[in-house]
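The next block is coords28.cif, given as mmCIF, all heavy atoms.
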```cif
data_work
#
loop_
_atom_site.label_atom_id
_atom_site.label_comp_id
_atom_site.auth_asym_id
_atom_site.auth_seq_id
_atom_site.Cartn_x
_atom_site.Cartn_y
_atom_site.Cartn_z
N MET A 1 43.73 -2.20 64.35
CA MET A 1 44.42 -3.16 65.21
C MET A 1 44.53 -4.50 64.49
O MET A 1 43.57 -4.97 63.88
CB MET A 1 43.64 -3.35 66.51
CG MET A 1 44.27 -4.36 67.46
SD MET A 1 43.34 -4.46 68.99
CE MET A 1 44.18 -5.84 69.76
N ILE A 2 45.69 -5.07 64.56
CA ILE A 2 45.93 -6.33 63.87
C ILE A 2 46.46 -7.38 64.85
O ILE A 2 47.38 -7.11 65.62
CB ILE A 2 46.94 -6.15 62.71
CG1 ILE A 2 46.30 -5.30 61.60
CG2 ILE A 2 47.36 -7.50 62.16
CD1 ILE A 2 47.21 -5.08 60.41
N LEU A 3 45.83 -8.53 64.81
CA LEU A 3 46.29 -9.63 65.63
C LEU A 3 47.15 -10.54 64.76
O LEU A 3 46.65 -11.19 63.85
CB LEU A 3 45.10 -10.41 66.20
CG LEU A 3 44.12 -9.56 67.02
CD1 LEU A 3 42.92 -10.41 67.43
CD2 LEU A 3 44.80 -8.99 68.25
N PHE A 4 48.43 -10.56 65.03
CA PHE A 4 49.34 -11.30 64.18
C PHE A 4 49.22 -12.81 64.38
O PHE A 4 49.17 -13.29 65.50
CB PHE A 4 50.78 -10.86 64.45
CG PHE A 4 51.03 -9.43 64.04
CD1 PHE A 4 51.10 -8.43 64.98
CD2 PHE A 4 51.17 -9.11 62.68
CE1 PHE A 4 51.31 -7.11 64.60
CE2 PHE A 4 51.39 -7.80 62.30
CZ PHE A 4 51.46 -6.79 63.26
N LYS A 5 49.16 -13.48 63.27
CA LYS A 5 49.12 -14.96 63.28
C LYS A 5 48.03 -15.51 64.19
O LYS A 5 48.26 -16.43 64.96
CB LYS A 5 50.49 -15.51 63.70
CG LYS A 5 51.60 -15.10 62.74
CD LYS A 5 52.92 -15.67 63.17
CE LYS A 5 54.03 -15.26 62.20
NZ LYS A 5 55.35 -15.77 62.60
N ALA A 6 46.86 -14.92 64.08
CA ALA A 6 45.76 -15.36 64.94
C ALA A 6 44.65 -16.03 64.14
O ALA A 6 43.63 -16.41 64.70
CB ALA A 6 45.20 -14.16 65.71
N CYS A 7 44.83 -16.16 62.84
CA CYS A 7 43.80 -16.77 62.02
C CYS A 7 43.79 -18.29 62.26
O CYS A 7 44.80 -18.95 62.10
CB CYS A 7 44.05 -16.48 60.54
SG CYS A 7 42.81 -17.25 59.47
N PRO A 8 42.60 -18.82 62.64
CA PRO A 8 42.49 -20.26 62.89
C PRO A 8 42.52 -21.08 61.61
O PRO A 8 42.65 -22.29 61.65
CB PRO A 8 41.14 -20.38 63.60
CG PRO A 8 40.36 -19.22 63.10
CD PRO A 8 41.35 -18.11 62.88
N ARG A 9 42.38 -20.38 60.49
CA ARG A 9 42.30 -21.09 59.22
C ARG A 9 43.66 -21.23 58.54
O ARG A 9 44.04 -22.31 58.11
CB ARG A 9 41.33 -20.35 58.31
CG ARG A 9 41.14 -20.99 56.96
CD ARG A 9 40.08 -20.23 56.18
NE ARG A 9 40.02 -20.64 54.79
CZ ARG A 9 39.26 -20.06 53.87
NH1 ARG A 9 38.46 -19.06 54.22
NH2 ARG A 9 39.27 -20.46 52.64
N CYS A 10 44.38 -20.12 58.46
CA CYS A 10 45.65 -20.17 57.74
C CYS A 10 46.82 -19.68 58.59
O CYS A 10 47.96 -19.75 58.17
CB CYS A 10 45.55 -19.33 56.47
SG CYS A 10 45.56 -17.56 56.78
N GLY A 11 46.51 -19.20 59.79
CA GLY A 11 47.58 -18.71 60.64
C GLY A 11 48.05 -17.33 60.26
O GLY A 11 49.13 -16.89 60.64
N GLY A 12 47.20 -16.63 59.50
CA GLY A 12 47.57 -15.29 59.06
C GLY A 12 47.23 -14.24 60.10
O GLY A 12 46.95 -14.55 61.26
N ASP A 13 47.25 -13.00 59.66
CA ASP A 13 47.00 -11.90 60.57
C ASP A 13 45.53 -11.48 60.52
O ASP A 13 44.96 -11.31 59.46
CB ASP A 13 47.88 -10.71 60.19
CG ASP A 13 49.34 -11.11 60.13
OD1 ASP A 13 49.73 -11.99 60.92
OD2 ASP A 13 50.08 -10.55 59.30
N LEU A 14 44.96 -11.29 61.70
CA LEU A 14 43.56 -10.88 61.76
C LEU A 14 43.47 -9.36 61.93
O LEU A 14 44.11 -8.78 62.79
CB LEU A 14 42.86 -11.56 62.94
CG LEU A 14 42.66 -13.07 62.80
CD1 LEU A 14 41.94 -13.59 64.04
CD2 LEU A 14 41.87 -13.42 61.55
N HIS A 15 42.65 -8.77 61.08
CA HIS A 15 42.40 -7.34 61.17
C HIS A 15 41.08 -7.11 61.87
O HIS A 15 40.04 -7.62 61.44
CB HIS A 15 42.36 -6.74 59.76
CG HIS A 15 41.93 -5.30 59.75
ND1 HIS A 15 40.70 -4.89 59.29
CD2 HIS A 15 42.57 -4.18 60.17
CE1 HIS A 15 40.61 -3.57 59.41
NE2 HIS A 15 41.71 -3.12 59.93
N VAL A 16 41.09 -6.37 62.95
CA VAL A 16 39.88 -6.13 63.72
C VAL A 16 39.04 -5.09 63.00
O VAL A 16 39.48 -3.99 62.72
CB VAL A 16 40.21 -5.63 65.14
CG1 VAL A 16 38.92 -5.37 65.91
CG2 VAL A 16 41.06 -6.66 65.86
N SER A 17 37.82 -5.50 62.70
CA SER A 17 36.92 -4.60 62.02
C SER A 17 35.52 -4.78 62.58
O SER A 17 35.32 -5.44 63.60
CB SER A 17 36.94 -4.88 60.52
OG SER A 17 36.12 -3.96 59.83
N GLY A 18 34.53 -4.23 61.88
CA GLY A 18 33.17 -4.38 62.37
C GLY A 18 32.18 -3.74 61.43
O GLY A 18 32.54 -2.93 60.57
N ASP A 19 30.95 -4.13 61.57
CA ASP A 19 29.88 -3.54 60.78
C ASP A 19 28.64 -3.44 61.65
O ASP A 19 28.74 -3.51 62.86
CB ASP A 19 29.63 -4.38 59.52
CG ASP A 19 29.34 -5.82 59.85
OD1 ASP A 19 29.05 -6.12 61.04
OD2 ASP A 19 29.39 -6.65 58.95
N ILE A 20 27.50 -3.26 61.01
CA ILE A 20 26.28 -3.08 61.79
C ILE A 20 25.92 -4.33 62.57
O ILE A 20 25.13 -4.27 63.50
CB ILE A 20 25.10 -2.69 60.88
CG1 ILE A 20 24.84 -3.80 59.87
CG2 ILE A 20 25.38 -1.37 60.19
CD1 ILE A 20 23.60 -3.55 59.03
N TYR A 21 26.48 -5.46 62.20
CA TYR A 21 26.17 -6.70 62.89
C TYR A 21 27.08 -6.93 64.08
O TYR A 21 26.90 -7.85 64.84
CB TYR A 21 26.27 -7.88 61.92
CG TYR A 21 25.30 -7.77 60.78
CD1 TYR A 21 25.74 -7.47 59.50
CD2 TYR A 21 23.94 -7.95 61.00
CE1 TYR A 21 24.85 -7.36 58.45
CE2 TYR A 21 23.04 -7.84 59.97
CZ TYR A 21 23.49 -7.54 58.69
OH TYR A 21 22.61 -7.43 57.65
N GLY A 22 28.08 -6.08 64.20
CA GLY A 22 28.97 -6.22 65.34
C GLY A 22 30.41 -6.34 64.90
O GLY A 22 30.71 -6.38 63.71
N PRO A 23 31.28 -6.40 65.88
CA PRO A 23 32.71 -6.48 65.58
C PRO A 23 33.12 -7.87 65.11
O PRO A 23 32.51 -8.86 65.49
CB PRO A 23 33.36 -6.16 66.93
CG PRO A 23 32.35 -6.58 67.94
CD PRO A 23 31.00 -6.34 67.31
N TYR A 24 34.13 -7.91 64.30
CA TYR A 24 34.65 -9.19 63.85
C TYR A 24 36.10 -9.04 63.44
O TYR A 24 36.58 -7.93 63.21
CB TYR A 24 33.82 -9.72 62.67
CG TYR A 24 33.86 -8.84 61.45
CD1 TYR A 24 34.87 -8.98 60.49
CD2 TYR A 24 32.90 -7.86 61.27
CE1 TYR A 24 34.89 -8.18 59.37
CE2 TYR A 24 32.92 -7.05 60.15
CZ TYR A 24 33.92 -7.22 59.21
OH TYR A 24 33.95 -6.41 58.10
N ASN A 25 36.76 -10.16 63.37
CA ASN A 25 38.14 -10.17 62.89
C ASN A 25 38.17 -10.78 61.51
O ASN A 25 37.57 -11.82 61.28
CB ASN A 25 39.03 -10.98 63.84
CG ASN A 25 39.16 -10.31 65.19
OD1 ASN A 25 39.03 -9.11 65.32
ND2 ASN A 25 39.38 -11.10 66.21
N GLN A 26 38.88 -10.14 60.61
CA GLN A 26 39.00 -10.68 59.27
C GLN A 26 40.47 -10.89 58.94
O GLN A 26 41.30 -10.02 59.15
CB GLN A 26 38.36 -9.75 58.25
CG GLN A 26 38.36 -10.37 56.86
CD GLN A 26 37.51 -9.56 55.89
OE1 GLN A 26 37.24 -8.40 56.14
NE2 GLN A 26 37.11 -10.19 54.81
N CYS A 27 40.74 -12.06 58.41
CA CYS A 27 42.12 -12.40 58.08
C CYS A 27 42.58 -11.60 56.86
O CYS A 27 41.86 -11.46 55.88
CB CYS A 27 42.23 -13.89 57.79
SG CYS A 27 43.89 -14.40 57.38
N VAL A 28 43.75 -11.06 56.97
CA VAL A 28 44.30 -10.26 55.88
C VAL A 28 44.71 -11.16 54.72
O VAL A 28 44.58 -10.81 53.56
CB VAL A 28 45.51 -9.45 56.37
CG1 VAL A 28 46.11 -8.63 55.24
CG2 VAL A 28 45.09 -8.54 57.51
N GLN A 29 45.18 -12.34 55.05
CA GLN A 29 45.72 -13.24 54.03
C GLN A 29 44.62 -13.99 53.28
O GLN A 29 44.60 -14.02 52.06
CB GLN A 29 46.69 -14.23 54.68
CG GLN A 29 48.10 -13.68 54.84
CD GLN A 29 48.19 -12.68 55.97
OE1 GLN A 29 47.34 -12.66 56.84
NE2 GLN A 29 49.20 -11.84 55.95
N CYS A 30 43.71 -14.63 54.02
CA CYS A 30 42.76 -15.51 53.36
C CYS A 30 41.33 -14.97 53.42
O CYS A 30 40.45 -15.50 52.76
CB CYS A 30 42.81 -16.90 53.98
SG CYS A 30 42.07 -17.00 55.62
N GLY A 31 41.10 -13.92 54.20
CA GLY A 31 39.77 -13.34 54.25
C GLY A 31 38.82 -14.06 55.19
O GLY A 31 37.63 -13.78 55.20
N HIS A 32 39.34 -14.96 55.96
CA HIS A 32 38.50 -15.68 56.92
C HIS A 32 37.96 -14.71 57.96
O HIS A 32 38.68 -13.86 58.47
CB HIS A 32 39.31 -16.79 57.59
CG HIS A 32 38.51 -17.59 58.58
ND1 HIS A 32 37.46 -18.40 58.20
CD2 HIS A 32 38.61 -17.70 59.93
CE1 HIS A 32 36.96 -18.98 59.28
NE2 HIS A 32 37.63 -18.57 60.33
N VAL A 33 36.66 -14.83 58.26
CA VAL A 33 36.02 -13.91 59.19
C VAL A 33 35.70 -14.63 60.49
O VAL A 33 35.12 -15.71 60.49
CB VAL A 33 34.73 -13.34 58.59
CG1 VAL A 33 33.99 -12.48 59.61
CG2 VAL A 33 35.06 -12.52 57.35
N VAL A 34 36.10 -14.01 61.59
CA VAL A 34 35.80 -14.55 62.91
C VAL A 34 34.93 -13.54 63.65
O VAL A 34 35.37 -12.44 63.95
CB VAL A 34 37.09 -14.80 63.71
CG1 VAL A 34 36.75 -15.35 65.09
CG2 VAL A 34 38.00 -15.76 62.96
N ASP A 35 33.70 -13.95 63.92
CA ASP A 35 32.80 -13.06 64.64
C ASP A 35 33.20 -12.99 66.11
O ASP A 35 33.51 -13.99 66.73
CB ASP A 35 31.37 -13.56 64.53
CG ASP A 35 30.81 -13.33 63.14
OD1 ASP A 35 31.16 -12.30 62.53
OD2 ASP A 35 30.04 -14.17 62.67
N LEU A 36 33.14 -11.80 66.66
CA LEU A 36 33.50 -11.64 68.05
C LEU A 36 32.28 -11.77 68.95
O LEU A 36 32.33 -12.38 69.99
CB LEU A 36 34.15 -10.27 68.27
CG LEU A 36 35.47 -10.09 67.53
CD1 LEU A 36 36.02 -8.70 67.81
CD2 LEU A 36 36.47 -11.14 67.94
N LYS A 37 31.18 -11.19 68.50
CA LYS A 37 29.95 -11.27 69.29
C LYS A 37 28.79 -11.76 68.43
O LYS A 37 28.10 -10.97 67.80
CB LYS A 37 29.61 -9.90 69.87
CG LYS A 37 30.60 -9.44 70.92
CD LYS A 37 30.16 -8.09 71.48
CE LYS A 37 31.13 -7.62 72.55
NZ LYS A 37 30.73 -6.30 73.09
N PRO A 38 28.59 -13.07 68.40
CA PRO A 38 27.49 -13.62 67.61
C PRO A 38 26.18 -13.53 68.38
O PRO A 38 25.40 -14.47 68.41
CB PRO A 38 27.92 -15.08 67.41
CG PRO A 38 28.71 -15.39 68.63
CD PRO A 38 29.41 -14.10 69.04
N ALA A 39 25.95 -12.41 69.02
CA ALA A 39 24.76 -12.29 69.87
C ALA A 39 23.52 -12.01 69.02
O ALA A 39 22.54 -12.72 69.09
CB ALA A 39 24.97 -11.17 70.88
N MET A 40 23.63 -10.98 68.20
CA MET A 40 22.45 -10.60 67.42
C MET A 40 22.51 -11.25 66.03
O MET A 40 23.18 -10.75 65.14
CB MET A 40 22.39 -9.08 67.26
CG MET A 40 22.14 -8.36 68.58
SD MET A 40 22.09 -6.58 68.36
CE MET A 40 20.72 -6.43 67.22
N VAL A 41 21.80 -12.34 65.92
CA VAL A 41 21.73 -13.00 64.63
C VAL A 41 20.37 -12.70 64.00
O VAL A 41 19.35 -13.18 64.47
CB VAL A 41 21.91 -14.52 64.78
CG1 VAL A 41 21.78 -15.19 63.42
CG2 VAL A 41 23.25 -14.83 65.39
N THR A 42 20.42 -11.90 63.00
CA THR A 42 19.17 -11.53 62.36
C THR A 42 18.92 -12.38 61.14
O THR A 42 19.77 -12.51 60.27
CB THR A 42 19.20 -10.04 61.95
OG1 THR A 42 20.29 -9.85 61.06
CG2 THR A 42 19.37 -9.15 63.16
N VAL A 43 17.75 -12.96 61.11
CA VAL A 43 17.38 -13.79 59.98
C VAL A 43 16.68 -12.93 58.93
O VAL A 43 15.67 -12.31 59.22
CB VAL A 43 16.44 -14.93 60.41
CG1 VAL A 43 16.05 -15.77 59.20
CG2 VAL A 43 17.10 -15.78 61.48
N PRO A 44 17.26 -12.88 57.77
CA PRO A 44 16.64 -12.08 56.71
C PRO A 44 15.30 -12.67 56.30
O PRO A 44 15.20 -13.84 55.97
CB PRO A 44 17.63 -12.16 55.56
CG PRO A 44 18.44 -13.40 55.85
CD PRO A 44 18.48 -13.54 57.35
N VAL A 45 14.28 -11.84 56.38
CA VAL A 45 12.94 -12.30 56.03
C VAL A 45 12.67 -12.00 54.57
O VAL A 45 12.67 -10.85 54.15
CB VAL A 45 11.88 -11.59 56.92
CG1 VAL A 45 10.50 -12.06 56.53
CG2 VAL A 45 12.16 -11.90 58.39
N LYS A 46 12.46 -13.06 53.84
CA LYS A 46 12.16 -12.87 52.43
C LYS A 46 10.65 -12.71 52.25
O LYS A 46 9.89 -13.62 52.49
CB LYS A 46 12.65 -14.07 51.62
CG LYS A 46 14.16 -14.18 51.63
CD LYS A 46 14.60 -15.35 50.78
CE LYS A 46 16.12 -15.46 50.77
NZ LYS A 46 16.57 -16.62 49.96
N THR A 47 10.28 -11.55 51.84
CA THR A 47 8.86 -11.29 51.65
C THR A 47 8.49 -11.47 50.20
O THR A 47 8.94 -10.74 49.32
CB THR A 47 8.53 -9.85 52.09
OG1 THR A 47 9.32 -8.96 51.33
CG2 THR A 47 8.80 -9.66 53.57
N LYS A 48 7.71 -12.48 49.98
CA LYS A 48 7.21 -12.68 48.62
C LYS A 48 6.03 -11.75 48.39
O LYS A 48 5.72 -10.92 49.23
CB LYS A 48 6.78 -14.13 48.44
CG LYS A 48 7.96 -15.10 48.52
CD LYS A 48 7.50 -16.52 48.28
CE LYS A 48 8.67 -17.47 48.35
NZ LYS A 48 8.24 -18.87 48.14
N ALA A 49 5.37 -11.92 47.27
CA ALA A 49 4.24 -11.06 46.96
C ALA A 49 3.22 -11.14 48.09
O ALA A 49 2.64 -12.20 48.34
CB ALA A 49 3.59 -11.50 45.66
N PRO A 50 3.04 -10.05 48.78
CA PRO A 50 2.13 -10.04 49.92
C PRO A 50 0.68 -10.24 49.49
O PRO A 50 0.18 -9.56 48.58
CB PRO A 50 2.31 -8.63 50.52
CG PRO A 50 2.82 -7.81 49.38
CD PRO A 50 3.61 -8.74 48.51
N SER A 51 0.06 -11.20 50.13
CA SER A 51 -1.35 -11.45 49.79
C SER A 51 -2.22 -10.50 50.58
O SER A 51 -2.23 -10.50 51.80
CB SER A 51 -1.69 -12.90 50.13
OG SER A 51 -1.50 -13.12 51.51
N ARG A 52 -2.93 -9.69 49.90
CA ARG A 52 -3.78 -8.73 50.57
C ARG A 52 -5.21 -9.23 50.58
O ARG A 52 -5.97 -9.04 49.62
CB ARG A 52 -3.70 -7.38 49.87
CG ARG A 52 -2.30 -6.81 49.97
CD ARG A 52 -2.26 -5.41 49.42
NE ARG A 52 -0.89 -4.85 49.51
CZ ARG A 52 -0.59 -3.61 49.13
NH1 ARG A 52 -1.53 -2.83 48.65
NH2 ARG A 52 0.64 -3.18 49.25
N ARG A 53 -5.53 -9.90 51.67
CA ARG A 53 -6.88 -10.45 51.78
C ARG A 53 -7.77 -9.43 52.47
O ARG A 53 -7.39 -8.78 53.42
CB ARG A 53 -6.84 -11.74 52.58
CG ARG A 53 -5.95 -12.79 51.93
CD ARG A 53 -5.90 -14.05 52.75
NE ARG A 53 -7.24 -14.63 52.87
CZ ARG A 53 -7.50 -15.72 53.61
NH1 ARG A 53 -6.53 -16.32 54.23
NH2 ARG A 53 -8.73 -16.19 53.69
N GLY A 54 -8.96 -9.34 51.97
CA GLY A 54 -9.92 -8.45 52.59
C GLY A 54 -9.65 -6.99 52.29
O GLY A 54 -9.97 -6.11 53.07
N SER A 55 -9.02 -6.75 51.16
CA SER A 55 -8.73 -5.37 50.81
C SER A 55 -9.74 -4.84 49.80
O SER A 55 -9.52 -3.84 49.15
CB SER A 55 -7.32 -5.26 50.23
OG SER A 55 -7.26 -6.01 49.05
N GLN A 56 -10.86 -5.55 49.71
CA GLN A 56 -11.86 -5.12 48.72
C GLN A 56 -12.83 -4.13 49.33
O GLN A 56 -13.65 -3.54 48.64
CB GLN A 56 -12.64 -6.34 48.21
CG GLN A 56 -11.74 -7.27 47.41
CD GLN A 56 -12.49 -8.50 46.93
OE1 GLN A 56 -13.61 -8.75 47.38
NE2 GLN A 56 -11.89 -9.25 46.04
N ALA A 57 -12.78 -3.95 50.61
CA ALA A 57 -13.67 -3.01 51.27
C ALA A 57 -13.31 -1.60 50.84
O ALA A 57 -12.20 -1.15 51.04
CB ALA A 57 -13.58 -3.17 52.78
N ALA A 58 -14.28 -0.93 50.29
CA ALA A 58 -13.99 0.43 49.83
C ALA A 58 -14.96 1.42 50.46
O ALA A 58 -16.12 1.28 50.35
CB ALA A 58 -14.08 0.52 48.32
ZN ZN B 1 43.61 -16.66 57.33
#
```

I need this file expressed as structure tokens, please.
Ligand SMILES: [Zn+2]
Amino acid sequence: MILFKACPRCGGDLHVSGDIYGPYNQCVQCGHVVDLKPAMVTVPVKTKAPSRRGSQAA
């Protein structure tokens, strides 16, 4: 499904698509992405070297 001239950035055509984060519209011309449901915003947790305290018990 394509929404013609619906891009807020360049006035291009939005292509309705989606991924695991939810549906979104992406402009065919400029690639601008418009999220449809910004409900689930997952913050990527960067795990550095995990400190294993108290792991000396054997
Ligand atoms: Zn655009």

Find the nearest atom pair between each residue of chain A and ligand ZN 1 (chain B) for residues within 4 Å, count all heavy atoms, give distances in Å to one decimal, sort rows by chain and ascending number, and present the table as a tab-separated table.
```
residue	atom	partner	partner_atom	distance
A:Cys7	SG	B:ZN1	ZN	2.4
A:Cys10	SG	B:ZN1	ZN	2.2
A:Cys27	SG	B:ZN1	ZN	2.3
A:Cys30	SG	B:ZN1	ZN	2.3
```

Step by step: start from the point (43.9, -0.6, 64.9) in the file's coordinates, keep every protein, DNA or RNA residue that has an atom no farther than 7 Å from it, count only C-alpha atoms, and write the set as a list in words. Met1, Ile2 and Val16 of chain A

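We find atom N of A:Gly11 and atom OE1 of A:Gln29 to be spaced 7.2 Å apart.
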
Give me the residues within 10 Å of A:Pro8 as a VMD selection string, counting only C-alpha atoms and dropping any in the same chain fewer than 6 places off. chain A and resid 14 27 32 to 34

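If you look at atom CA of A:Phe4 and atom CA of A:Lys37, they are 20.1 Å away from each other.
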
Quick check, in Å to one decimal: how far apart do atom CB of A:Asn25 and atom CD of A:Lys5 lie?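 Separation between atom CB of A:Asn25 and atom CD of A:Lys5: 14.7 Å.
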
Around all of stretch 20-39 of chain A's listed atoms, make the axis-aligned box with 8 Å on each side and tell me centre and edge lengths in Å to one decimal, as JSON.
```
{"center_x": 35.9, "center_y": -10.2, "center_z": 62.6, "size_x": 42.7, "size_y": 33.6, "size_z": 37.0}
```
